[in-house]
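File shown: target01.cif. Contents: mmCIF, C-alpha atoms.
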data_run
loop_
_atom_site.label_atom_id
_atom_site.label_comp_id
_atom_site.auth_asym_id
_atom_site.auth_seq_id
_atom_site.Cartn_x
_atom_site.Cartn_y
_atom_site.Cartn_z
CA VAL J 1 5.11 -22.34 17.90
CA ILE J 2 6.96 -19.21 16.81
CA ARG J 3 5.96 -16.22 18.92
CA ALA J 4 7.01 -12.93 20.43
CA ALA J 5 8.93 -13.57 23.67
CA GLY J 6 8.43 -11.84 26.99
CA PRO J 7 10.41 -11.37 30.21
CA GLN J 8 9.32 -14.84 31.35
CA ASP J 9 11.35 -16.31 28.43
CA ALA J 10 14.60 -14.65 29.55
CA GLU J 11 16.37 -17.88 30.58
CA ARG J 12 15.61 -19.67 27.33
CA LEU J 13 16.59 -16.63 25.24
CA ALA J 14 19.81 -16.21 27.21
CA ALA J 15 20.75 -19.87 26.70
CA LEU J 16 20.24 -19.52 22.94
CA LEU J 17 22.22 -16.25 22.80
CA HIS J 18 25.03 -17.85 24.78
CA ASP J 19 25.12 -20.83 22.38
CA PHE J 20 25.13 -18.44 19.41
CA GLN J 21 28.07 -16.45 20.73
CA THR J 22 29.98 -19.58 21.70
CA GLU J 23 29.46 -21.24 18.32
CA PHE J 24 30.92 -18.20 16.54
CA ASP J 25 33.73 -17.60 19.06
CA ASP J 26 32.21 -14.30 20.08
CA VAL J 27 32.02 -12.69 23.52
CA THR J 28 29.47 -13.90 26.08
CA PRO J 29 29.19 -13.13 29.79
CA GLY J 30 27.45 -16.51 30.30
CA PRO J 31 23.78 -17.49 30.40
CA GLU J 32 23.04 -16.14 33.89
CA VAL J 33 24.29 -12.62 33.27
CA LEU J 34 22.64 -12.66 29.86
CA ALA J 35 19.29 -13.68 31.35
CA GLY J 36 19.29 -10.60 33.56
CA ARG J 37 20.19 -8.33 30.66
CA VAL J 38 17.57 -9.94 28.40
CA ARG J 39 14.83 -9.50 31.01
CA ALA J 40 15.76 -5.87 31.64
CA ALA J 41 16.01 -5.03 27.94
CA ILE J 42 12.59 -6.57 27.22
CA GLU J 43 11.04 -4.76 30.16
CA ARG J 44 12.54 -1.42 29.07
CA GLY J 45 11.31 -1.99 25.50
CA GLU J 46 14.88 -1.90 24.16
CA ALA J 47 14.78 -5.46 22.80
CA HIS J 48 12.09 -7.35 20.90
CA PHE J 49 12.62 -11.12 20.75
CA VAL J 50 10.95 -13.79 18.64
CA LEU J 51 11.28 -17.32 19.99
CA ALA J 52 11.15 -20.55 17.97
CA PRO J 53 11.52 -24.11 19.32
CA ASP J 54 15.25 -24.05 18.54
CA GLY J 55 16.13 -20.43 17.82
CA LEU J 56 15.50 -16.75 18.25
CA ALA J 57 15.47 -13.42 16.51
CA LEU J 58 16.37 -10.16 18.29
CA VAL J 59 15.15 -6.83 16.91
CA SER J 60 15.94 -3.31 18.10
CA LEU J 61 14.17 -0.18 16.95
CA ARG J 62 15.35 3.42 16.66
CA ASP J 63 13.67 6.62 15.57
CA THR J 64 15.70 8.41 12.92
CA ILE J 65 15.43 11.98 11.66
CA LEU J 66 15.46 11.06 7.97
CA TYR J 67 14.04 7.55 7.67
CA GLY J 68 11.42 7.21 10.37
CA ARG J 69 11.50 4.23 12.70
CA VAL J 70 14.17 1.73 11.65
CA ALA J 71 14.37 -1.88 12.84
CA LEU J 72 17.70 -3.66 13.13
CA LEU J 73 17.82 -7.47 13.15
CA GLU J 74 20.52 -7.73 15.80
CA GLU J 75 20.62 -11.52 15.99
CA LEU J 76 19.08 -14.49 14.17
CA TYR J 77 20.01 -17.92 15.44
CA VAL J 78 18.88 -21.49 14.97
CA ALA J 79 20.66 -24.25 16.88
CA PRO J 80 22.74 -26.48 14.56
CA PRO J 81 20.66 -29.71 14.82
CA ALA J 82 17.51 -27.82 13.80
CA ARG J 83 18.90 -26.00 10.77
CA GLY J 84 17.58 -26.42 7.26
CA ARG J 85 13.96 -26.91 8.29
CA GLY J 86 12.67 -23.36 7.93
CA GLN J 87 12.94 -22.04 11.47
CA GLY J 88 15.31 -19.26 10.38
CA ARG J 89 12.96 -18.10 7.65
CA ALA J 90 9.96 -18.27 9.98
CA LEU J 91 11.85 -16.28 12.63
CA LEU J 92 12.84 -13.65 10.07
CA GLU J 93 9.29 -13.30 8.80
CA HIS J 94 7.93 -13.04 12.32
CA ALA J 95 10.59 -10.43 13.16
CA MET J 96 9.58 -8.38 10.09
CA ARG J 97 5.92 -8.55 11.12
CA LEU J 98 6.76 -7.55 14.69
CA ALA J 99 8.84 -4.61 13.42
CA ARG J 100 5.98 -3.45 11.18
CA GLU J 101 3.57 -3.67 14.11
CA GLN J 102 5.97 -1.51 16.11
CA GLY J 103 5.85 1.13 13.37
CA ALA J 104 9.15 0.41 11.65
CA ALA J 105 9.44 1.59 8.03
CA SER J 106 12.47 -0.53 7.19
CA MET J 107 14.71 -3.28 8.54
CA GLU J 108 18.50 -3.55 8.50
CA ILE J 109 20.72 -6.65 8.80
CA VAL J 110 24.49 -7.06 8.91
CA THR J 111 26.06 -10.31 7.75
CA SER J 112 29.32 -11.42 6.16
CA THR J 113 30.19 -12.40 2.62
CA GLY J 114 31.02 -15.96 3.70
CA ASP J 115 27.67 -16.71 5.34
CA GLU J 116 25.96 -17.83 2.17
CA ALA J 117 23.02 -19.46 3.94
CA ALA J 118 22.16 -16.21 5.69
CA ARG J 119 22.70 -14.13 2.56
CA GLY J 120 20.44 -16.42 0.56
CA LEU J 121 17.74 -16.21 3.23
CA TYR J 122 17.90 -12.41 3.38
CA ALA J 123 17.87 -12.04 -0.40
CA SER J 124 14.89 -14.37 -0.75
CA ALA J 125 13.07 -12.32 1.91
CA GLY J 126 13.48 -9.15 -0.16
CA PHE J 127 16.58 -7.65 1.45
CA THR J 128 19.32 -6.17 -0.73
CA ASN J 129 22.83 -4.97 -0.02
CA LEU J 130 22.92 -2.79 -3.10
CA ASP J 131 23.16 0.99 -3.40
CA GLY J 132 22.74 1.46 -7.13
CA ALA J 133 25.70 -0.35 -8.68
CA ASP J 134 27.57 -0.42 -5.36
CA GLN J 135 27.45 -2.79 -2.43
CA LEU J 136 26.68 -1.51 1.04
CA LEU J 137 29.46 -2.22 3.50
CA TYR J 138 29.42 -2.21 7.27
CA TYR J 139 32.44 -0.79 9.12
CA GLU J 140 33.11 -0.88 12.84
CA ARG J 141 35.76 -0.22 15.44
CA GLU J 142 36.08 -0.32 19.20
CA LEU J 143 36.24 3.06 20.90
CA VAL K 1 35.24 25.59 15.38
CA ILE K 2 34.10 21.96 15.45
CA ARG K 3 31.77 21.33 18.37
CA ALA K 4 28.82 19.39 19.70
CA ALA K 5 25.59 20.97 18.46
CA GLY K 6 22.51 21.78 20.53
CA PRO K 7 18.84 22.51 19.86
CA GLN K 8 19.74 26.13 18.99
CA ASP K 9 21.66 24.77 15.95
CA ALA K 10 18.62 22.96 14.53
CA GLU K 11 18.17 25.26 11.50
CA ARG K 12 21.82 25.01 10.42
CA LEU K 13 21.88 21.24 10.94
CA ALA K 14 18.63 20.84 9.00
CA ALA K 15 19.98 22.89 6.08
CA LEU K 16 23.08 20.68 5.91
CA LEU K 17 21.02 17.46 6.16
CA HIS K 18 18.73 18.72 3.41
CA ASP K 19 21.72 19.50 1.16
CA PHE K 20 23.18 16.06 1.90
CA GLN K 21 20.00 14.25 0.95
CA THR K 22 19.51 16.39 -2.15
CA GLU K 23 23.07 15.87 -3.37
CA PHE K 24 22.65 12.09 -3.18
CA ASP K 25 19.11 12.04 -4.60
CA ASP K 26 17.76 10.76 -1.30
CA VAL K 27 14.51 11.60 0.47
CA THR K 28 14.10 14.89 2.36
CA PRO K 29 10.99 16.53 3.78
CA GLY K 30 12.67 19.95 3.36
CA PRO K 31 14.70 22.09 5.76
CA GLU K 32 11.77 23.36 7.82
CA VAL K 33 10.34 19.97 8.68
CA LEU K 34 13.85 18.66 9.29
CA ALA K 35 14.62 21.51 11.69
CA GLY K 36 11.69 20.52 13.89
CA ARG K 37 12.74 16.87 13.86
CA VAL K 38 16.37 17.74 14.59
CA ARG K 39 15.42 19.94 17.54
CA ALA K 40 13.10 17.28 18.99
CA ALA K 41 15.63 14.48 18.52
CA ILE K 42 18.39 16.48 20.23
CA GLU K 43 16.09 17.40 23.10
CA ARG K 44 15.01 13.77 23.56
CA GLY K 45 18.65 12.62 23.49
CA GLU K 46 18.00 10.44 20.41
CA ALA K 47 20.47 12.32 18.21
CA HIS K 48 23.97 13.64 18.89
CA PHE K 49 25.26 16.12 16.30
CA VAL K 50 28.72 17.51 15.69
CA LEU K 51 28.81 20.76 13.72
CA ALA K 52 31.70 22.04 11.57
CA PRO K 53 31.79 25.26 9.54
CA ASP K 54 30.63 23.37 6.43
CA GLY K 55 29.45 20.00 7.63
CA LEU K 56 28.01 17.77 10.30
CA ALA K 57 28.15 14.33 11.87
CA LEU K 58 25.10 12.61 13.36
CA VAL K 59 25.52 9.85 15.93
CA SER K 60 22.87 7.64 17.53
CA LEU K 61 23.45 5.35 20.50
CA ARG K 62 21.76 2.12 21.54
CA ASP K 63 22.22 -0.22 24.46
CA THR K 64 22.72 -3.79 23.30
CA ILE K 65 22.51 -7.01 25.28
CA LEU K 66 25.78 -8.44 24.00
CA TYR K 67 28.01 -5.52 23.07
CA GLY K 68 27.21 -2.75 25.53
CA ARG K 69 26.42 0.73 24.26
CA VAL K 70 26.96 0.95 20.50
CA ALA K 71 27.27 4.20 18.54
CA LEU K 72 26.14 4.42 14.93
CA LEU K 73 27.50 7.18 12.68
CA GLU K 74 24.20 7.87 10.91
CA GLU K 75 25.44 10.71 8.72
CA LEU K 76 28.73 12.44 7.90
CA TYR K 77 28.57 15.35 5.47
CA VAL K 78 30.83 18.13 4.26
CA ALA K 79 29.49 20.57 1.66
CA PRO K 80 31.20 20.11 -1.74
CA PRO K 81 33.18 23.40 -1.85
CA ALA K 82 34.77 22.62 1.53
CA ARG K 83 35.85 19.04 0.83
CA GLY K 84 39.45 17.85 0.92
CA ARG K 85 40.50 20.17 3.76
CA GLY K 86 40.07 17.84 6.71
CA GLN K 87 36.61 18.75 7.97
CA GLY K 88 35.32 15.21 7.42
CA ARG K 89 38.18 13.70 9.40
CA ALA K 90 37.78 16.27 12.19
CA LEU K 91 34.03 15.60 12.34
CA LEU K 92 34.63 11.85 12.51
CA GLU K 93 37.19 12.21 15.29
CA HIS K 94 34.91 14.52 17.24
CA ALA K 95 32.02 12.08 16.77
CA MET K 96 34.15 9.22 18.11
CA ARG K 97 35.12 11.31 21.15
CA LEU K 98 31.51 12.26 21.77
CA ALA K 99 30.43 8.62 21.52
CA ARG K 100 33.13 7.58 24.01
CA GLU K 101 32.01 10.31 26.41
CA GLN K 102 28.47 8.94 26.12
CA GLY K 103 29.71 5.51 27.15
CA ALA K 104 29.82 3.81 23.75
CA ALA K 105 32.12 0.80 23.46
CA SER K 106 32.17 0.73 19.67
CA MET K 107 31.08 2.67 16.60
CA GLU K 108 29.43 1.42 13.40
CA ILE K 109 29.30 3.03 9.94
CA VAL K 110 27.59 1.97 6.71
CA THR K 111 28.99 3.11 3.38
CA SER K 112 29.14 1.81 -0.19
CA THR K 113 31.92 0.20 -2.15
CA GLY K 114 32.00 3.10 -4.60
CA ASP K 115 32.54 5.84 -2.02
CA GLU K 116 36.31 5.50 -1.94
CA ALA K 117 36.89 8.81 -0.16
CA ALA K 118 34.68 7.75 2.73
CA ARG K 119 36.15 4.23 2.85
CA GLY K 120 39.68 5.65 2.93
CA LEU K 121 38.73 8.00 5.75
CA TYR K 122 37.11 5.24 7.82
CA ALA K 123 40.01 2.84 7.27
CA SER K 124 42.55 5.47 8.27
CA ALA K 125 40.52 6.15 11.42
CA GLY K 126 40.78 2.51 12.46
CA PHE K 127 37.48 1.14 11.17
CA THR K 128 37.38 -2.20 9.38
CA ASN K 129 34.70 -3.99 7.40
CA LEU K 130 36.29 -7.37 7.94
CA ASP K 131 35.01 -10.42 9.81
CA GLY K 132 38.00 -12.70 9.65
CA ALA K 133 38.53 -13.38 5.93
CA ASP K 134 35.03 -12.15 5.09
CA GLN K 135 33.65 -8.69 4.45
CA LEU K 136 30.76 -7.39 6.51
CA LEU K 137 27.75 -6.51 4.39
CA TYR K 138 24.76 -4.35 5.20
CA TYR K 139 21.33 -5.50 3.96
CA GLU K 140 18.08 -3.57 4.14
CA ARG K 141 14.51 -3.59 2.94
CA GLU K 142 11.40 -1.50 3.38
CA LEU K 143 8.69 -3.07 5.50
#

As structure tokens, please, write out the structure in this file.
Amino acid sequence: VIRAAGPQDAERLAALLHDFQTEFDDVTPGPEVLAGRVRAAIERGEAHFVLAPDGLALVSLRDTILYGRVALLEELYVAPPARGRGQGRALLEHAMRLAREQGAASMEIVTSTGDEAARGLYASAGFTNLDGADQLLYYEREL
Amino acid sequence: VIRAAGPQDAERLAALLHDFQTEFDDVTPGPEVLAGRVRAAIERGEAHFVLAPDGLALVSLRDTILYGRVALLEELYVAPPARGRGQGRALLEHAMRLAREQGAASMEIVTSTGDEAARGLYASAGFTNLDGADQLLYYEREL
């Protein structure tokens, strides 16, 4: 029941993305605009989605000069009523498999210190945020 | 003297990348292999380099479904003898300008808690690693 999504899943994926953004008070152009973007991004090969009954994972890939093909887990979302039953873990594992199949040598994820559920999931799946004795931090700004 | 680099700069860029990786005990296939990769990545539009007399910045761009075009500062390097004289800041500012010109709406950077010089530079250039009261963390694993 967890599978790679295609352009025909754009409406369902867009609805989940919209719920994700709304839950975390983040920007969303609404499900209809998102559905068009999702379909186009899948068709152009810019976005790789995994779809679960109540959630999704979104992976992008880039070819780097030093580290080969790198996968970024852009989004991982499970709707609130379905949490705690393993869909997040299954989505993450499917996303890792999909990235490997697409030739990725590594996967990156950004999360925040306060999201302990996500951090626990990533750590148990073999991800670290350590660089020797240091932690790896993610900075950003609008341009 | 700080400018966008082109394919004709591949050897110089590769030498700097090789020095960067070597200084931080990170992987490098050597300057010659790197030069070929750098040239190809510039020609394909996958890599945008800024070149200073003693350093470089490397920016990649990706089109996201939710956040528009996002720039990632993949590398920022100034050779040790030239540090502390503003080349890093000038490279960062040039990289931000270049990303804006390429249509990027935001820029991302990953660094480590122990690299206080880099963190000070990024903070003074308007970057934050905060998500409300939380810090943003970067996780990774090999696949």

Apply the PyMOL selection byres ((chain J) within 8 of (chain K)) to the displayed file and report the matching residues as JSON, numbers by chain. {"J": [27, 28, 34, 37, 38, 41, 46, 63, 65, 66, 96, 100, 104, 105, 106, 107, 108, 109, 110, 111, 112, 113, 114, 122, 126, 127, 128, 129, 130, 131, 134, 135, 136, 137, 138, 139, 140, 141, 142, 143]}

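Residues matched by the PyMOL selection byres ((chain K and resi 94) around 9) in this file are Ile2, Arg3, Ala4, Val50, Ala57, Arg89, Ala90, Leu91, Leu92, Glu93, Ala95, Met96, Arg97, Leu98 and Ala99 of chain K.
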
Same residues, C-alpha atoms, output as a PDB file, in the coordinates of the input:
ATOM      1  CA  ILE K   2      34.100  21.960  15.450  1.00  0.00           C
ATOM      2  CA  ARG K   3      31.770  21.330  18.370  1.00  0.00           C
ATOM      3  CA  ALA K   4      28.820  19.390  19.700  1.00  0.00           C
ATOM      4  CA  VAL K  50      28.720  17.510  15.690  1.00  0.00           C
ATOM      5  CA  ALA K  57      28.150  14.330  11.870  1.00  0.00           C
ATOM      6  CA  ARG K  89      38.180  13.700   9.400  1.00  0.00           C
ATOM      7  CA  ALA K  90      37.780  16.270  12.190  1.00  0.00           C
ATOM      8  CA  LEU K  91      34.030  15.600  12.340  1.00  0.00           C
ATOM      9  CA  LEU K  92      34.630  11.850  12.510  1.00  0.00           C
ATOM     10  CA  GLU K  93      37.190  12.210  15.290  1.00  0.00           C
ATOM     11  CA  ALA K  95      32.020  12.080  16.770  1.00  0.00           C
ATOM     12  CA  MET K  96      34.150   9.220  18.110  1.00  0.00           C
ATOM     13  CA  ARG K  97      35.120  11.310  21.150  1.00  0.00           C
ATOM     14  CA  LEU K  98      31.510  12.260  21.770  1.00  0.00           C
ATOM     15  CA  ALA K  99      30.430   8.620  21.520  1.00  0.00           C
TER      16      ALA K  99
END

Chain fit of chain K to chain J, all Cα atoms, as a PDB file with C-alpha atoms, keeping the file's coordinate frame:
ATOM      1  CA  VAL K   1       5.110 -22.339  17.952  1.00  0.00           C
ATOM      2  CA  ILE K   2       6.953 -19.208  16.818  1.00  0.00           C
ATOM      3  CA  ARG K   3       5.954 -16.216  18.917  1.00  0.00           C
ATOM      4  CA  ALA K   4       7.009 -12.931  20.443  1.00  0.00           C
ATOM      5  CA  ALA K   5       8.927 -13.577  23.663  1.00  0.00           C
ATOM      6  CA  GLY K   6       8.420 -11.841  27.003  1.00  0.00           C
ATOM      7  CA  PRO K   7      10.409 -11.375  30.209  1.00  0.00           C
ATOM      8  CA  GLN K   8       9.322 -14.861  31.366  1.00  0.00           C
ATOM      9  CA  ASP K   9      11.356 -16.307  28.442  1.00  0.00           C
ATOM     10  CA  ALA K  10      14.600 -14.641  29.552  1.00  0.00           C
ATOM     11  CA  GLU K  11      16.369 -17.874  30.596  1.00  0.00           C
ATOM     12  CA  ARG K  12      15.607 -19.675  27.321  1.00  0.00           C
ATOM     13  CA  LEU K  13      16.577 -16.638  25.242  1.00  0.00           C
ATOM     14  CA  ALA K  14      19.807 -16.221  27.213  1.00  0.00           C
ATOM     15  CA  ALA K  15      20.734 -19.886  26.701  1.00  0.00           C
ATOM     16  CA  LEU K  16      20.239 -19.527  22.939  1.00  0.00           C
ATOM     17  CA  LEU K  17      22.217 -16.249  22.809  1.00  0.00           C
ATOM     18  CA  HIS K  18      25.018 -17.869  24.789  1.00  0.00           C
ATOM     19  CA  ASP K  19      25.115 -20.840  22.386  1.00  0.00           C
ATOM     20  CA  PHE K  20      25.127 -18.447  19.422  1.00  0.00           C
ATOM     21  CA  GLN K  21      28.062 -16.462  20.739  1.00  0.00           C
ATOM     22  CA  THR K  22      29.965 -19.602  21.711  1.00  0.00           C
ATOM     23  CA  GLU K  23      29.458 -21.251  18.326  1.00  0.00           C
ATOM     24  CA  PHE K  24      30.922 -18.213  16.557  1.00  0.00           C
ATOM     25  CA  ASP K  25      33.742 -17.649  19.063  1.00  0.00           C
ATOM     26  CA  ASP K  26      32.222 -14.334  20.089  1.00  0.00           C
ATOM     27  CA  VAL K  27      32.024 -12.725  23.520  1.00  0.00           C
ATOM     28  CA  THR K  28      29.473 -13.914  26.099  1.00  0.00           C
ATOM     29  CA  PRO K  29      29.188 -13.143  29.800  1.00  0.00           C
ATOM     30  CA  GLY K  30      27.450 -16.521  30.313  1.00  0.00           C
ATOM     31  CA  PRO K  31      23.775 -17.495  30.396  1.00  0.00           C
ATOM     32  CA  GLU K  32      23.033 -16.158  33.875  1.00  0.00           C
ATOM     33  CA  VAL K  33      24.291 -12.647  33.270  1.00  0.00           C
ATOM     34  CA  LEU K  34      22.643 -12.660  29.851  1.00  0.00           C
ATOM     35  CA  ALA K  35      19.295 -13.681  31.342  1.00  0.00           C
ATOM     36  CA  GLY K  36      19.289 -10.607  33.568  1.00  0.00           C
ATOM     37  CA  ARG K  37      20.188  -8.342  30.655  1.00  0.00           C
ATOM     38  CA  VAL K  38      17.570  -9.932  28.400  1.00  0.00           C
ATOM     39  CA  ARG K  39      14.836  -9.518  31.008  1.00  0.00           C
ATOM     40  CA  ALA K  40      15.768  -5.873  31.648  1.00  0.00           C
ATOM     41  CA  ALA K  41      16.003  -5.037  27.945  1.00  0.00           C
ATOM     42  CA  ILE K  42      12.588  -6.574  27.226  1.00  0.00           C
ATOM     43  CA  GLU K  43      11.034  -4.759  30.169  1.00  0.00           C
ATOM     44  CA  ARG K  44      12.537  -1.430  29.067  1.00  0.00           C
ATOM     45  CA  GLY K  45      11.310  -1.995  25.495  1.00  0.00           C
ATOM     46  CA  GLU K  46      14.893  -1.896  24.149  1.00  0.00           C
ATOM     47  CA  ALA K  47      14.782  -5.449  22.795  1.00  0.00           C
ATOM     48  CA  HIS K  48      12.096  -7.348  20.889  1.00  0.00           C
ATOM     49  CA  PHE K  49      12.627 -11.119  20.736  1.00  0.00           C
ATOM     50  CA  VAL K  50      10.963 -13.785  18.638  1.00  0.00           C
ATOM     51  CA  LEU K  51      11.275 -17.318  20.007  1.00  0.00           C
ATOM     52  CA  ALA K  52      11.151 -20.561  17.987  1.00  0.00           C
ATOM     53  CA  PRO K  53      11.522 -24.106  19.326  1.00  0.00           C
ATOM     54  CA  ASP K  54      15.260 -24.045  18.545  1.00  0.00           C
ATOM     55  CA  GLY K  55      16.122 -20.450  17.821  1.00  0.00           C
ATOM     56  CA  LEU K  56      15.504 -16.761  18.252  1.00  0.00           C
ATOM     57  CA  ALA K  57      15.475 -13.402  16.510  1.00  0.00           C
ATOM     58  CA  LEU K  58      16.366 -10.150  18.274  1.00  0.00           C
ATOM     59  CA  VAL K  59      15.152  -6.828  16.899  1.00  0.00           C
ATOM     60  CA  SER K  60      15.951  -3.304  18.087  1.00  0.00           C
ATOM     61  CA  LEU K  61      14.165  -0.161  16.933  1.00  0.00           C
ATOM     62  CA  ARG K  62      15.342   3.432  16.663  1.00  0.00           C
ATOM     63  CA  ASP K  63      13.672   6.629  15.565  1.00  0.00           C
ATOM     64  CA  THR K  64      15.702   8.402  12.906  1.00  0.00           C
ATOM     65  CA  ILE K  65      15.427  11.964  11.652  1.00  0.00           C
ATOM     66  CA  LEU K  66      15.446  11.058   7.970  1.00  0.00           C
ATOM     67  CA  TYR K  67      14.044   7.551   7.656  1.00  0.00           C
ATOM     68  CA  GLY K  68      11.417   7.214  10.367  1.00  0.00           C
ATOM     69  CA  ARG K  69      11.498   4.239  12.711  1.00  0.00           C
ATOM     70  CA  VAL K  70      14.163   1.746  11.637  1.00  0.00           C
ATOM     71  CA  ALA K  71      14.363  -1.864  12.832  1.00  0.00           C
ATOM     72  CA  LEU K  72      17.695  -3.645  13.121  1.00  0.00           C
ATOM     73  CA  LEU K  73      17.816  -7.455  13.141  1.00  0.00           C
ATOM     74  CA  GLU K  74      20.525  -7.722  15.804  1.00  0.00           C
ATOM     75  CA  GLU K  75      20.624 -11.511  15.978  1.00  0.00           C
ATOM     76  CA  LEU K  76      19.081 -14.482  14.165  1.00  0.00           C
ATOM     77  CA  TYR K  77      20.005 -17.932  15.447  1.00  0.00           C
ATOM     78  CA  VAL K  78      18.864 -21.506  14.972  1.00  0.00           C
ATOM     79  CA  ALA K  79      20.656 -24.264  16.894  1.00  0.00           C
ATOM     80  CA  PRO K  80      22.739 -26.495  14.574  1.00  0.00           C
ATOM     81  CA  PRO K  81      20.660 -29.715  14.836  1.00  0.00           C
ATOM     82  CA  ALA K  82      17.505 -27.827  13.815  1.00  0.00           C
ATOM     83  CA  ARG K  83      18.899 -26.004  10.781  1.00  0.00           C
ATOM     84  CA  GLY K  84      17.578 -26.434   7.252  1.00  0.00           C
ATOM     85  CA  ARG K  85      13.946 -26.922   8.309  1.00  0.00           C
ATOM     86  CA  GLY K  86      12.667 -23.381   7.934  1.00  0.00           C
ATOM     87  CA  GLN K  87      12.948 -22.034  11.468  1.00  0.00           C
ATOM     88  CA  GLY K  88      15.323 -19.264  10.378  1.00  0.00           C
ATOM     89  CA  ARG K  89      12.962 -18.111   7.644  1.00  0.00           C
ATOM     90  CA  ALA K  90       9.958 -18.265   9.990  1.00  0.00           C
ATOM     91  CA  LEU K  91      11.855 -16.278  12.634  1.00  0.00           C
ATOM     92  CA  LEU K  92      12.844 -13.658  10.064  1.00  0.00           C
ATOM     93  CA  GLU K  93       9.283 -13.310   8.792  1.00  0.00           C
ATOM     94  CA  HIS K  94       7.933 -13.043  12.320  1.00  0.00           C
ATOM     95  CA  ALA K  95      10.584 -10.432  13.147  1.00  0.00           C
ATOM     96  CA  MET K  96       9.584  -8.377  10.099  1.00  0.00           C
ATOM     97  CA  ARG K  97       5.916  -8.553  11.131  1.00  0.00           C
ATOM     98  CA  LEU K  98       6.764  -7.541  14.677  1.00  0.00           C
ATOM     99  CA  ALA K  99       8.838  -4.607  13.424  1.00  0.00           C
ATOM    100  CA  ARG K 100       5.969  -3.450  11.188  1.00  0.00           C
ATOM    101  CA  GLU K 101       3.555  -3.672  14.120  1.00  0.00           C
ATOM    102  CA  GLN K 102       5.967  -1.500  16.109  1.00  0.00           C
ATOM    103  CA  GLY K 103       5.848   1.133  13.385  1.00  0.00           C
ATOM    104  CA  ALA K 104       9.149   0.413  11.640  1.00  0.00           C
ATOM    105  CA  ALA K 105       9.427   1.591   8.038  1.00  0.00           C
ATOM    106  CA  SER K 106      12.456  -0.522   7.185  1.00  0.00           C
ATOM    107  CA  MET K 107      14.693  -3.274   8.528  1.00  0.00           C
ATOM    108  CA  GLU K 108      18.494  -3.548   8.482  1.00  0.00           C
ATOM    109  CA  ILE K 109      20.714  -6.640   8.792  1.00  0.00           C
ATOM    110  CA  VAL K 110      24.496  -7.048   8.897  1.00  0.00           C
ATOM    111  CA  THR K 111      26.068 -10.297   7.746  1.00  0.00           C
ATOM    112  CA  SER K 112      29.336 -11.421   6.160  1.00  0.00           C
ATOM    113  CA  THR K 113      30.196 -12.396   2.628  1.00  0.00           C
ATOM    114  CA  GLY K 114      31.027 -15.940   3.708  1.00  0.00           C
ATOM    115  CA  ASP K 115      27.684 -16.692   5.357  1.00  0.00           C
ATOM    116  CA  GLU K 116      25.973 -17.815   2.172  1.00  0.00           C
ATOM    117  CA  ALA K 117      23.037 -19.453   3.949  1.00  0.00           C
ATOM    118  CA  ALA K 118      22.168 -16.208   5.702  1.00  0.00           C
ATOM    119  CA  ARG K 119      22.700 -14.111   2.558  1.00  0.00           C
ATOM    120  CA  GLY K 120      20.442 -16.435   0.562  1.00  0.00           C
ATOM    121  CA  LEU K 121      17.756 -16.204   3.229  1.00  0.00           C
ATOM    122  CA  TYR K 122      17.901 -12.398   3.379  1.00  0.00           C
ATOM    123  CA  ALA K 123      17.875 -12.040  -0.408  1.00  0.00           C
ATOM    124  CA  SER K 124      14.894 -14.358  -0.740  1.00  0.00           C
ATOM    125  CA  ALA K 125      13.079 -12.309   1.909  1.00  0.00           C
ATOM    126  CA  GLY K 126      13.492  -9.149  -0.150  1.00  0.00           C
ATOM    127  CA  PHE K 127      16.589  -7.633   1.444  1.00  0.00           C
ATOM    128  CA  THR K 128      19.319  -6.160  -0.735  1.00  0.00           C
ATOM    129  CA  ASN K 129      22.833  -4.960  -0.016  1.00  0.00           C
ATOM    130  CA  LEU K 130      22.921  -2.774  -3.090  1.00  0.00           C
ATOM    131  CA  ASP K 131      23.175   1.004  -3.416  1.00  0.00           C
ATOM    132  CA  GLY K 132      22.750   1.461  -7.127  1.00  0.00           C
ATOM    133  CA  ALA K 133      25.726  -0.346  -8.696  1.00  0.00           C
ATOM    134  CA  ASP K 134      27.583  -0.408  -5.377  1.00  0.00           C
ATOM    135  CA  GLN K 135      27.446  -2.789  -2.444  1.00  0.00           C
ATOM    136  CA  LEU K 136      26.674  -1.489   1.020  1.00  0.00           C
ATOM    137  CA  LEU K 137      29.454  -2.203   3.488  1.00  0.00           C
ATOM    138  CA  TYR K 138      29.405  -2.204   7.264  1.00  0.00           C
ATOM    139  CA  TYR K 139      32.441  -0.773   9.096  1.00  0.00           C
ATOM    140  CA  GLU K 140      33.103  -0.864  12.821  1.00  0.00           C
ATOM    141  CA  ARG K 141      35.750  -0.186  15.414  1.00  0.00           C
ATOM    142  CA  GLU K 142      36.078  -0.300  19.170  1.00  0.00           C
ATOM    143  CA  LEU K 143      36.250   3.071  20.876  1.00  0.00           C
TER     144      LEU K 143
END

Report, in Å with one decimal, the straight-line distance from CA of Gly30 in chain K to CA of Leu121 in chain K. 28.8 Å

Expanded to explicit residues, what is the PyMOL selection byres ((chain J and resi 87) around 10) for this file, as a PyMOL selection string? chain J and resi 2+51-56+77-79+82-86+88-93

Expressed in Å, the length from CA of Pro7 in chain K to CA of Glu43 in chain K is 6.6 Å

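Between CA of Arg12 in chain K and CA of Pro31 in chain K the separation is 9.0 Å.
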